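A.B. asks: Structure in structure tokens, see below.
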Amino acid sequence: MHIRRPRPQEGDILLAVWERSVRASHTFLSDSDVRALRPLVAVYLAGDALDLWVLADDANVAVGFLGIAGDAIDALFLDPAYRGLGYGRRLVEYAQAMRPGCPLTVDVNEQNEGACRFYATLGFVVVSRSPLDDAGRPFPLLHMRRGAMAKMIF
């Protein structure tokens, strides 16, 4: 596995990774929620708001991705087949290495208990909560922050 920049032709692959990941982890979303989000995510991934990085397997196929905006992890999605193997941690460590000396932040859906545990295990703490998501839907967000780590290994 290695981390690299996305290729121009990988938009559909990254969107498929996002969808598989969301369907496996965001069980509070309905099928219609996921279908409604899909085109918005496609536009977001194709834009330039994110510093986007891809986790690729040994055949150089994207199996996950990380999006950083400022000092925030704005996107971290893994194909479900690669969850629980340390790759999410590796992406967070990569984000921290790219922002040395800066605390990282992340917003996590409160109903995504697995993600909440994942980030807490990596030293993120809840600093505030919003009752609605960024689009005003009833999916509360936990705003989490982690102090800069002195040394990250990836």
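So you can find residues: chains in the structure tokens are A, B, ... in the order shown, residues in each start at 1, and ligands are numbered from 1 in order.
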Would you mind writing down, as a PyMOL selection string, each residue of region 21-98 of chain A that DSSP on the backbone assigns to strand (DSSP E or B)?
C.D. replies: chain A and resi 51-56+62-69+72-78
A.B. asks: Quick one: residues within 10 Å of Thr121 (chain A), only C-alpha atoms counted, chain neighbours fewer than 5 positions away excluded, as a ChimeraX atom specification?
C.D. replies: /A:89,115-116
A.B. asks: Selection from above, C-alpha atoms, as a PDB file, in the first residue's frame, can you write it?
C.D. replies:
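Final output, selection_28.pdb:
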```
ATOM      1  CA  ARG A  89      -4.578   5.309  10.997  1.00  0.00           C
ATOM      2  CA  ALA A 115     -15.625   6.622  13.289  1.00  0.00           C
ATOM      3  CA  CYS A 116     -16.051   8.289  16.682  1.00  0.00           C
TER       4      CYS A 116
END
```
A.B. asks: Report as a PyMOL selection string all protein, DNA and RNA residues lying within 10 Å of Tyr94 (chain A), evaluated on only C-alpha atoms, omitting residues in the same chain fewer than 2 positions from it.
C.D. replies: chain A and resi 3+53+66+88-92+96-99+152-154
A.B. asks: Only C-alpha atoms, please: the residues just picked out, written as a CSV table (one decimal), in the first residue's frame.
C.D. replies:
```csv
chain,number,residue,atom,x,y,z
A,3,ILE,CA,-0.2,7.0,-0.6
A,53,TRP,CA,-4.5,11.9,-1.4
A,66,LEU,CA,-7.9,11.4,2.5
A,88,GLY,CA,-7.2,4.6,8.3
A,89,ARG,CA,-4.6,5.3,11.0
A,90,ARG,CA,-1.9,5.5,8.3
A,91,LEU,CA,-4.0,8.2,6.4
A,92,VAL,CA,-4.5,10.2,9.6
A,96,GLN,CA,-0.5,15.0,10.5
A,97,ALA,CA,2.9,14.7,8.8
A,98,MET,CA,1.7,17.2,6.2
A,99,ARG,CA,0.6,19.6,8.9
A,152,MET,CA,4.3,10.2,13.4
A,153,ILE,CA,5.3,6.9,11.7
A,154,PHE,CA,3.7,5.8,8.4
```
A.B. asks: Considering only C-alpha atoms, can you say which of A:Gly114, A:Pro100, A:Pro8, A:Gly84 comes closest to His26 (chain A)?
C.D. replies: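 Using only C-alpha atoms, His26 (chain A) sits closest to A:Gly114.
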A.B. asks: Given only C-alpha atoms as the basis, pick out the residue of A:Glu110, A:Ser32, A:Gly86, A:Arg146 nearest to Val125 (chain A).
C.D. replies: A:Arg146
A.B. asks: Could you tell me, as a count of residues only, which residues of chain A DSSP assigns to alpha helix (DSSP H) when given the backbone?
C.D. replies: 52
A.B. asks: Nearest residue to Gln9 (chain A) out of A:Ala75, A:Ala69, A:Leu45, A:Leu50, using only C-alpha atoms?
C.D. replies: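 Among the listed residues, the smallest separation from Gln9 (chain A) belongs to A:Leu45.
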A.B. asks: At a cut-off of 8 Å, using only C-alpha atoms, what residues contact Met1 (chain A)? Leave out same-chain residues fewer than 3 positions from it and give the result as a PDB file with N, CA, C and O atoms, in the first residue's frame.
C.D. replies:
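Output (selection-v1.pdb):
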```pdb
ATOM      1  N   LEU A  55      -5.041   6.291  -1.112  1.00  0.00           N
ATOM      2  CA  LEU A  55      -4.388   5.079  -0.632  1.00  0.00           C
ATOM      3  C   LEU A  55      -4.574   4.043  -1.732  1.00  0.00           C
ATOM      4  O   LEU A  55      -5.709   3.719  -2.102  1.00  0.00           O
ATOM      5  N   ALA A  56      -3.462   3.569  -2.293  1.00  0.00           N
ATOM      6  CA  ALA A  56      -3.518   2.622  -3.408  1.00  0.00           C
ATOM      7  C   ALA A  56      -2.911   1.287  -2.990  1.00  0.00           C
ATOM      8  O   ALA A  56      -1.952   1.240  -2.214  1.00  0.00           O
ATOM      9  N   ASP A  57      -3.470   0.221  -3.541  1.00  0.00           N
ATOM     10  CA  ASP A  57      -2.951  -1.114  -3.238  1.00  0.00           C
ATOM     11  C   ASP A  57      -1.711  -1.397  -4.087  1.00  0.00           C
ATOM     12  O   ASP A  57      -1.232  -0.535  -4.826  1.00  0.00           O
ATOM     13  N   ASP A  58      -1.215  -2.619  -4.005  1.00  0.00           N
ATOM     14  CA  ASP A  58       0.010  -2.976  -4.720  1.00  0.00           C
ATOM     15  C   ASP A  58      -0.133  -2.921  -6.239  1.00  0.00           C
ATOM     16  O   ASP A  58       0.850  -2.782  -6.953  1.00  0.00           O
TER      17      ASP A  58
END
```
